[in-house]
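These notes concern the structure reproduced below.
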Amino acid sequence: MADRVTVIGWDGSPLTAAARSALGAATLVAGAAHHLALPEVPAAAERIRLGSVALAARRIAAHRGSAVVLADGDPGFFGVVRTLHDPQFGLEVEVVPAVSSVAAAFARAGMPWDDAQVVVAHPRTLRRAVNVCRAHTKVAVLTSPGAGPAELGLLLEGVHRTFVICEELGTDRERVTVVTSDRAADHTWRNPNVVIVIGGPAGAAEGGWIAGRDPGAGPRGWALPAGAYGGGLGEGETQLLRAAQLARLGPRVGDLVWDIGSGSGAFAVEAARCGAAVIAVDRDPDACARTDAAARRFGVPLQIVLGAAPHILDDLPEPDVVRVGGGGPAVVSAVADRRPQCIVAHAATRDEAELLGRDLTEHGYAVECALLQSVELDTRAWTEKERSVAFLLSGRLPERSP
């Protein structure tokens, strides 16, 4: 096993004394081509061109001597340290960090980033990274070939965002470009790059207490009363029904939620408060206006689409979970054809519930149905104020990888 493994972060600035000392004593050096070309790398040291970190770790574990791994930025932040620390390699790792590429990108943009979400985009996670950009007002995206600024821009169609694209940070080829998301695909971008994605409702000007989005922002609780949305909720938007729908769908960061028949926007806003990206669909312009007003009141980004389902759904990006607030079997069937992980719908009668349930079953979903009844009481006289009854249906596919 290697006597010592030192991981050195490099951000283009001169190496520290500790980094130069570790490199000077190294008998094996692993890194990208531009790292191995640094003048401080000993001429006699064995060199490994870093591709698969796991393969390099195995070679380092078998090496007798002092090993150094060079990596861009802070190697402990979405970097090689996590792989090298895997117990299977048995390596003892010392880290000499540098400024992370995310910190450098925000510095070049002259912006604070304690309120930013940070995601990694590669072809397998690109869709989820895009959903985070839909759902949050400030996101840093660590890109990769095939999942870069152009791909981000194409998948954000219909959502306006500003991109600050930082290419080859720390090198003499460094370049910072500001474009709108719809123009990102018009250019060829150099790797590596970091994309800062900005847009949506403005956040608080003062600093927060936790990095990223404050999970406690907004009123406490879920399935808020009608008064929080200005009153006038539809029959499919009662507190109990919304609470059950949220519990069944479990919207989370990285998800895309469709809310079909958004009505007042109550469900769409609450799904967005969970950190999910939400597309709210309604055929009524007044409903779309109410949804927009609710989103602004709670400070959450929503994409609002005016149109009648199921036809309007054809051009929407793939959902993870869907609430069908209206449209009946035709809409439920069209949604099921898109294969979201979970679908919830409601029905006023048992016959309608059976019809929706059969349709979901025929599409391969495991179906559950519950009869929800709530009675609101006036606690001054303990008399009944309002009663609501609905059948809640949910259909779920087997778990799939994100």
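In the structure tokens, each chain is lettered A, B, ... as it comes, each chain's residues begin at 1, and ligands are numbered from 1 in order of appearance.
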
Interface rows for stretch 260-283 of chain A against stretch 147-159 of chain A: nearest pair, Å to one decimal, 12 Å, only C-alpha atoms, as CSV:
```
residue,atom,partner,partner_atom,distance
A:Ala277,CA,A:Val159,CA,11.1
A:Val278,CA,A:Val159,CA,11.3
A:Ile279,CA,A:Val159,CA,10.2
```

Residues just named, written with all heavy atoms as a PDB file, in the first residue's frame:
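Below you can see part_34.pdb, which holds the result:
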```
ATOM      1  N   ALA A 277     -39.813  20.865  -8.632  1.00  0.00           N
ATOM      2  CA  ALA A 277     -40.222  21.705  -9.747  1.00  0.00           C
ATOM      3  C   ALA A 277     -41.665  21.370 -10.090  1.00  0.00           C
ATOM      4  O   ALA A 277     -42.065  20.200 -10.038  1.00  0.00           O
ATOM      5  CB  ALA A 277     -39.327  21.456 -10.958  1.00  0.00           C
ATOM      6  N   VAL A 278     -42.458  22.388 -10.423  1.00  0.00           N
ATOM      7  CA  VAL A 278     -43.888  22.176 -10.635  1.00  0.00           C
ATOM      8  C   VAL A 278     -44.327  22.868 -11.925  1.00  0.00           C
ATOM      9  O   VAL A 278     -43.978  24.028 -12.169  1.00  0.00           O
ATOM     10  CB  VAL A 278     -44.721  22.728  -9.457  1.00  0.00           C
ATOM     11  CG1 VAL A 278     -46.208  22.492  -9.700  1.00  0.00           C
ATOM     12  CG2 VAL A 278     -44.296  22.089  -8.138  1.00  0.00           C
ATOM     13  N   ILE A 279     -45.092  22.122 -12.727  1.00  0.00           N
ATOM     14  CA  ILE A 279     -45.803  22.707 -13.858  1.00  0.00           C
ATOM     15  C   ILE A 279     -47.294  22.627 -13.540  1.00  0.00           C
ATOM     16  O   ILE A 279     -47.841  21.534 -13.349  1.00  0.00           O
ATOM     17  CB  ILE A 279     -45.507  21.968 -15.174  1.00  0.00           C
ATOM     18  CG1 ILE A 279     -44.017  22.067 -15.515  1.00  0.00           C
ATOM     19  CG2 ILE A 279     -46.337  22.544 -16.308  1.00  0.00           C
ATOM     20  CD1 ILE A 279     -43.625  21.330 -16.790  1.00  0.00           C
TER      21      ILE A 279
END
```

**Message:** Taking only stretch 170-275 of chain A into account, list the residues labelled strand (DSSP E) by DSSP (computed from the backbone), as a list in words.
**Reply:**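 Residues meeting the strand (DSSP E) criterion: Arg175, Val176, Thr177, Val178, Val179, Thr180, Asn193, Val194, Val195, Ile196, Val197, Ile198, Leu256, Val257, Trp258, Asp259 and Ile260 of chain A.
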
**Request:** Just the alpha helix (DSSP H) stuff from stretch 181-319 of chain A, please, per backbone DSSP, written as a PyMOL selection string.
**Result:** chain A and resi 239-249+266-273+285-298

Quick one: write out the picked residues with N, CA, C and O atoms as a CSV table (one decimal), in the first residue's frame?
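And here is the file that came out, out_36.csv:
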```csv
chain,number,residue,atom,x,y,z
A,239,GLN,N,-58.4,20.9,2.5
A,239,GLN,CA,-57.2,20.7,3.3
A,239,GLN,C,-56.9,19.2,3.4
A,239,GLN,O,-55.7,18.7,3.2
A,240,LEU,N,-57.8,18.4,3.8
A,240,LEU,CA,-57.6,17.0,4.0
A,240,LEU,C,-57.2,16.3,2.7
A,240,LEU,O,-56.2,15.5,2.7
A,241,LEU,N,-57.8,16.6,1.6
A,241,LEU,CA,-57.5,16.0,0.4
A,241,LEU,C,-56.1,16.4,-0.1
A,241,LEU,O,-55.3,15.5,-0.5
A,242,ARG,N,-55.8,17.7,0.0
A,242,ARG,CA,-54.4,18.1,-0.3
A,242,ARG,C,-53.3,17.5,0.5
A,242,ARG,O,-52.3,17.0,0.0
A,243,ALA,N,-53.6,17.3,1.8
A,243,ALA,CA,-52.6,16.7,2.7
A,243,ALA,C,-52.4,15.2,2.3
A,243,ALA,O,-51.2,14.8,2.3
A,244,ALA,N,-53.5,14.5,2.0
A,244,ALA,CA,-53.3,13.1,1.6
A,244,ALA,C,-52.6,13.0,0.2
A,244,ALA,O,-51.8,12.1,0.0
A,245,GLN,N,-52.9,13.9,-0.7
A,245,GLN,CA,-52.3,13.9,-2.0
A,245,GLN,C,-50.8,14.2,-1.9
A,245,GLN,O,-49.9,13.5,-2.5
A,246,LEU,N,-50.4,15.2,-1.1
A,246,LEU,CA,-49.0,15.4,-0.8
A,246,LEU,C,-48.3,14.2,-0.2
A,246,LEU,O,-47.1,13.9,-0.6
A,247,ALA,N,-48.9,13.6,0.8
A,247,ALA,CA,-48.3,12.4,1.4
A,247,ALA,C,-48.1,11.3,0.5
A,247,ALA,O,-47.1,10.6,0.5
A,248,ARG,N,-49.1,11.1,-0.5
A,248,ARG,CA,-49.0,9.9,-1.4
A,248,ARG,C,-47.9,10.2,-2.5
A,248,ARG,O,-47.1,9.3,-2.8
A,249,LEU,N,-47.8,11.5,-2.9
A,249,LEU,CA,-46.8,11.8,-4.0
A,249,LEU,C,-45.4,12.0,-3.4
A,249,LEU,O,-44.4,11.7,-4.1
A,266,ALA,N,-53.2,26.0,-4.9
A,266,ALA,CA,-52.8,25.6,-3.5
A,266,ALA,C,-51.9,24.4,-3.5
A,266,ALA,O,-50.9,24.4,-2.9
A,267,PHE,N,-52.3,23.3,-4.3
A,267,PHE,CA,-51.4,22.1,-4.3
A,267,PHE,C,-50.1,22.4,-5.0
A,267,PHE,O,-49.0,22.0,-4.5
A,268,ALA,N,-50.1,23.2,-6.1
A,268,ALA,CA,-48.9,23.5,-6.8
A,268,ALA,C,-47.9,24.2,-5.9
A,268,ALA,O,-46.7,23.9,-5.9
A,269,VAL,N,-48.4,25.2,-5.2
A,269,VAL,CA,-47.5,26.0,-4.3
A,269,VAL,C,-46.9,25.0,-3.2
A,269,VAL,O,-45.7,25.1,-2.9
A,270,GLU,N,-47.7,24.2,-2.7
A,270,GLU,CA,-47.2,23.3,-1.6
A,270,GLU,C,-46.2,22.3,-2.1
A,270,GLU,O,-45.3,22.0,-1.4
A,271,ALA,N,-46.4,21.8,-3.3
A,271,ALA,CA,-45.4,20.9,-3.9
A,271,ALA,C,-44.1,21.6,-4.1
A,271,ALA,O,-43.0,21.1,-3.9
A,272,ALA,N,-44.2,22.9,-4.6
A,272,ALA,CA,-43.0,23.7,-4.8
A,272,ALA,C,-42.3,24.0,-3.5
A,272,ALA,O,-41.1,24.1,-3.4
A,273,ARG,N,-43.1,24.2,-2.4
A,273,ARG,CA,-42.4,24.5,-1.1
A,273,ARG,C,-41.7,23.2,-0.6
A,273,ARG,O,-40.8,23.4,0.2
A,285,PRO,N,-58.2,30.7,-17.7
A,285,PRO,CA,-57.3,31.8,-17.5
A,285,PRO,C,-57.3,32.4,-16.1
A,285,PRO,O,-56.3,32.8,-15.5
A,286,ASP,N,-58.5,32.4,-15.5
A,286,ASP,CA,-58.6,33.0,-14.1
A,286,ASP,C,-57.9,32.1,-13.1
A,286,ASP,O,-57.3,32.5,-12.2
A,287,ALA,N,-58.0,30.8,-13.3
A,287,ALA,CA,-57.3,29.8,-12.5
A,287,ALA,C,-55.8,30.0,-12.6
A,287,ALA,O,-55.1,29.9,-11.6
A,288,CYS,N,-55.3,30.2,-13.8
A,288,CYS,CA,-53.9,30.4,-14.0
A,288,CYS,C,-53.4,31.7,-13.3
A,288,CYS,O,-52.4,31.7,-12.7
A,289,ALA,N,-54.3,32.7,-13.4
A,289,ALA,CA,-53.9,33.9,-12.7
A,289,ALA,C,-53.9,33.8,-11.2
A,289,ALA,O,-53.0,34.3,-10.5
A,290,ARG,N,-54.8,33.0,-10.6
A,290,ARG,CA,-54.8,32.7,-9.2
A,290,ARG,C,-53.6,31.9,-8.8
A,290,ARG,O,-53.0,32.2,-7.7
A,291,THR,N,-53.2,31.0,-9.6
A,291,THR,CA,-52.0,30.1,-9.3
A,291,THR,C,-50.8,31.0,-9.3
A,291,THR,O,-49.9,30.9,-8.5
A,292,ASP,N,-50.7,31.9,-10.3
A,292,ASP,CA,-49.6,32.8,-10.4
A,292,ASP,C,-49.5,33.7,-9.2
A,292,ASP,O,-48.4,33.9,-8.6
A,293,ALA,N,-50.6,34.2,-8.7
A,293,ALA,CA,-50.7,35.1,-7.6
A,293,ALA,C,-50.3,34.3,-6.3
A,293,ALA,O,-49.5,34.8,-5.5
A,294,ALA,N,-50.7,33.0,-6.2
A,294,ALA,CA,-50.3,32.2,-5.0
A,294,ALA,C,-48.8,32.0,-5.0
A,294,ALA,O,-48.2,32.0,-4.0
A,295,ALA,N,-48.3,31.7,-6.2
A,295,ALA,CA,-46.8,31.4,-6.3
A,295,ALA,C,-46.0,32.7,-5.9
A,295,ALA,O,-45.0,32.6,-5.2
A,296,ARG,N,-46.5,33.8,-6.3
A,296,ARG,CA,-45.8,35.1,-5.9
A,296,ARG,C,-45.9,35.3,-4.4
A,296,ARG,O,-45.0,35.8,-3.8
A,297,ARG,N,-47.1,35.1,-3.9
A,297,ARG,CA,-47.3,35.3,-2.4
A,297,ARG,C,-46.4,34.4,-1.6
A,297,ARG,O,-45.8,34.9,-0.6
A,298,PHE,N,-46.1,33.2,-2.0
A,298,PHE,CA,-45.3,32.3,-1.3
A,298,PHE,C,-43.8,32.3,-1.8
A,298,PHE,O,-43.0,31.6,-1.2
```

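Taking atom CA of A:Ala44 and atom CA of A:Thr83 as the two end points, the separation is 26.4 Å.
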
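Candidate residues A:Asp259, A:Asp86, A:Asp72, A:Glu368 were compared for distance to A:Ala98, and the nearest is A:Asp72, using only C-alpha atoms.
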
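Taking atom CA of A:Arg59 as the reference point, atom CA of A:Ala30 is found at 9.9 Å.
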
**Complete:** Among A:Glu399, A:Asp315, A:Glu94, A:Glu168, A:Ala366 is approached most closely, using only C-alpha atoms, by A:Glu399

**Asked** Hey, can you check how far atom CA of A:Gly328 sits from atom CA of A:Asp359?
**Response** 10.6 Å

**Item:** Shell of 10 Å around stretch 103-120 of chain A, only C-alpha atoms, local chain residues under 2 positions omitted, as number ranges by chain
**Value:** A: 11, 73-74, 78, 99-101, 122, 125-126, 128-130, 132-133, 136-144, 147, 164-167, 169-170, 175-178, 193-198, 203-204, 207-214, 254

Just write the chosen residues, N, CA and C atoms, as a compact mmCIF listing (two decimals), in the first residue's frame.
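Saved result, again.txt, follows:
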```
# COMPACT_ATOMS: atom_id res chain seq x y z
N ASP A 11 -6.33 25.29 -8.33
CA ASP A 11 -7.27 26.26 -8.88
C ASP A 11 -6.61 27.25 -9.82
N GLY A 73 -9.83 22.42 -8.13
CA GLY A 73 -10.64 23.00 -7.07
C GLY A 73 -10.48 22.30 -5.74
N ASP A 74 -11.57 22.20 -5.01
CA ASP A 74 -11.57 21.53 -3.71
C ASP A 74 -11.92 20.06 -3.95
N PHE A 78 -17.67 17.31 -4.06
CA PHE A 78 -18.02 16.57 -5.28
C PHE A 78 -16.76 16.14 -6.02
N VAL A 99 -9.50 26.56 -3.79
CA VAL A 99 -10.83 27.15 -3.97
C VAL A 99 -11.64 26.27 -4.91
N SER A 100 -12.85 25.90 -4.50
CA SER A 100 -13.69 25.06 -5.36
C SER A 100 -14.10 25.83 -6.61
N SER A 101 -14.41 25.09 -7.66
CA SER A 101 -14.82 25.73 -8.91
C SER A 101 -16.13 26.49 -8.73
N HIS A 122 -24.57 15.07 -15.09
CA HIS A 122 -24.01 14.21 -16.13
C HIS A 122 -25.18 13.54 -16.82
N THR A 125 -27.98 12.13 -14.61
CA THR A 125 -28.67 12.99 -13.63
C THR A 125 -29.11 14.32 -14.23
N LEU A 126 -28.94 14.51 -15.53
CA LEU A 126 -29.21 15.80 -16.14
C LEU A 126 -30.65 16.26 -15.91
N ARG A 128 -32.76 15.58 -13.53
CA ARG A 128 -32.99 16.00 -12.14
C ARG A 128 -32.29 17.33 -11.86
N ALA A 129 -31.10 17.52 -12.43
CA ALA A 129 -30.42 18.80 -12.26
C ALA A 129 -31.24 19.93 -12.87
N VAL A 130 -31.83 19.68 -14.03
CA VAL A 130 -32.68 20.69 -14.66
C VAL A 130 -33.90 20.99 -13.79
N VAL A 132 -34.04 20.93 -10.59
CA VAL A 132 -33.60 21.82 -9.51
C VAL A 132 -33.51 23.25 -10.03
N CYS A 133 -33.03 23.42 -11.25
CA CYS A 133 -32.96 24.76 -11.84
C CYS A 133 -34.35 25.35 -12.06
N HIS A 136 -35.60 26.34 -8.17
CA HIS A 136 -34.85 27.21 -7.26
C HIS A 136 -34.33 28.44 -8.01
N THR A 137 -34.13 29.51 -7.28
CA THR A 137 -33.80 30.79 -7.90
C THR A 137 -32.31 30.97 -8.14
N LYS A 138 -31.48 30.17 -7.51
CA LYS A 138 -30.03 30.28 -7.72
C LYS A 138 -29.42 28.88 -7.59
N VAL A 139 -28.85 28.40 -8.68
CA VAL A 139 -28.30 27.04 -8.71
C VAL A 139 -26.95 27.06 -9.41
N ALA A 140 -25.97 26.38 -8.85
CA ALA A 140 -24.69 26.16 -9.52
C ALA A 140 -24.68 24.73 -10.04
N VAL A 141 -24.38 24.59 -11.32
CA VAL A 141 -24.37 23.27 -11.95
C VAL A 141 -22.95 22.92 -12.36
N LEU A 142 -22.42 21.86 -11.76
CA LEU A 142 -21.13 21.31 -12.17
C LEU A 142 -21.42 20.38 -13.35
N THR A 143 -21.02 20.79 -14.54
CA THR A 143 -21.43 20.09 -15.75
C THR A 143 -20.43 18.99 -16.14
N SER A 144 -20.78 18.28 -17.19
CA SER A 144 -19.90 17.25 -17.76
C SER A 144 -20.22 17.14 -19.24
N ALA A 147 -23.77 16.92 -20.78
CA ALA A 147 -24.70 17.50 -19.80
C ALA A 147 -24.17 18.88 -19.43
N VAL A 164 -24.86 32.17 -16.15
CA VAL A 164 -23.49 32.69 -16.08
C VAL A 164 -22.59 31.48 -16.27
N ILE A 165 -21.93 31.39 -17.42
CA ILE A 165 -21.17 30.20 -17.79
C ILE A 165 -19.68 30.50 -17.63
N CYS A 166 -19.05 29.75 -16.75
CA CYS A 166 -17.63 29.96 -16.42
C CYS A 166 -16.84 28.78 -16.95
N GLU A 167 -16.03 29.05 -17.99
CA GLU A 167 -15.27 27.99 -18.66
C GLU A 167 -13.81 28.01 -18.22
N LEU A 169 -11.97 27.61 -15.56
CA LEU A 169 -11.57 28.51 -14.48
C LEU A 169 -10.15 28.22 -14.03
N GLY A 170 -9.40 29.27 -13.76
CA GLY A 170 -8.04 29.12 -13.24
C GLY A 170 -6.99 28.92 -14.29
N ARG A 175 -12.97 31.92 -19.32
CA ARG A 175 -13.92 32.81 -19.97
C ARG A 175 -15.24 32.77 -19.20
N VAL A 176 -15.83 33.95 -18.97
CA VAL A 176 -17.12 34.05 -18.29
C VAL A 176 -18.10 34.72 -19.24
N THR A 177 -19.24 34.05 -19.49
CA THR A 177 -20.24 34.54 -20.44
C THR A 177 -21.61 34.54 -19.79
N VAL A 178 -22.39 35.59 -20.03
CA VAL A 178 -23.76 35.69 -19.53
C VAL A 178 -24.71 35.60 -20.71
N ASN A 193 -16.61 23.36 -17.24
CA ASN A 193 -17.30 24.62 -17.00
C ASN A 193 -18.30 24.46 -15.86
N VAL A 194 -18.62 25.59 -15.26
CA VAL A 194 -19.64 25.68 -14.21
C VAL A 194 -20.70 26.66 -14.70
N VAL A 195 -21.97 26.31 -14.52
CA VAL A 195 -23.06 27.18 -14.93
C VAL A 195 -23.80 27.66 -13.69
N ILE A 196 -23.89 28.97 -13.52
CA ILE A 196 -24.73 29.56 -12.48
C ILE A 196 -26.07 29.89 -13.14
N VAL A 197 -27.15 29.34 -12.59
CA VAL A 197 -28.48 29.51 -13.16
C VAL A 197 -29.29 30.41 -12.22
N ILE A 198 -29.74 31.54 -12.76
CA ILE A 198 -30.43 32.53 -11.94
C ILE A 198 -31.82 32.80 -12.52
N GLY A 203 -35.11 36.22 -3.86
CA GLY A 203 -35.01 35.75 -2.49
C GLY A 203 -34.76 36.91 -1.53
N ALA A 204 -34.62 36.57 -0.26
CA ALA A 204 -34.38 37.59 0.76
C ALA A 204 -33.00 38.20 0.56
N GLY A 207 -28.65 37.77 4.71
CA GLY A 207 -28.09 36.43 4.76
C GLY A 207 -28.94 35.49 5.59
N GLY A 208 -28.85 34.22 5.30
CA GLY A 208 -29.62 33.22 6.04
C GLY A 208 -28.78 32.54 7.09
N TRP A 209 -29.27 31.43 7.59
CA TRP A 209 -28.58 30.68 8.64
C TRP A 209 -28.17 29.28 8.16
N ILE A 210 -28.58 28.90 6.95
CA ILE A 210 -28.28 27.57 6.43
C ILE A 210 -27.98 27.71 4.94
N ALA A 211 -27.01 26.94 4.46
CA ALA A 211 -26.67 27.01 3.03
C ALA A 211 -27.81 26.48 2.19
N GLY A 212 -27.96 27.05 0.98
CA GLY A 212 -29.03 26.64 0.10
C GLY A 212 -30.34 27.28 0.48
N ARG A 213 -31.41 26.62 0.12
CA ARG A 213 -32.75 27.14 0.40
C ARG A 213 -33.12 26.91 1.85
N ASP A 214 -33.66 27.94 2.50
CA ASP A 214 -34.09 27.82 3.89
C ASP A 214 -35.31 26.91 3.96
N GLY A 254 -35.45 17.71 -7.07
CA GLY A 254 -35.08 16.93 -8.24
C GLY A 254 -36.26 16.36 -8.99
```

**Request:** Can you work out which one of A:Pro201, A:Pro14, A:Gly9, A:Pro310 has the shortest atom-to-atom distance to A:Val68, counting only C-alpha atoms?
**Result:**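 For A:Val68, the nearest of the given residues is A:Gly9.
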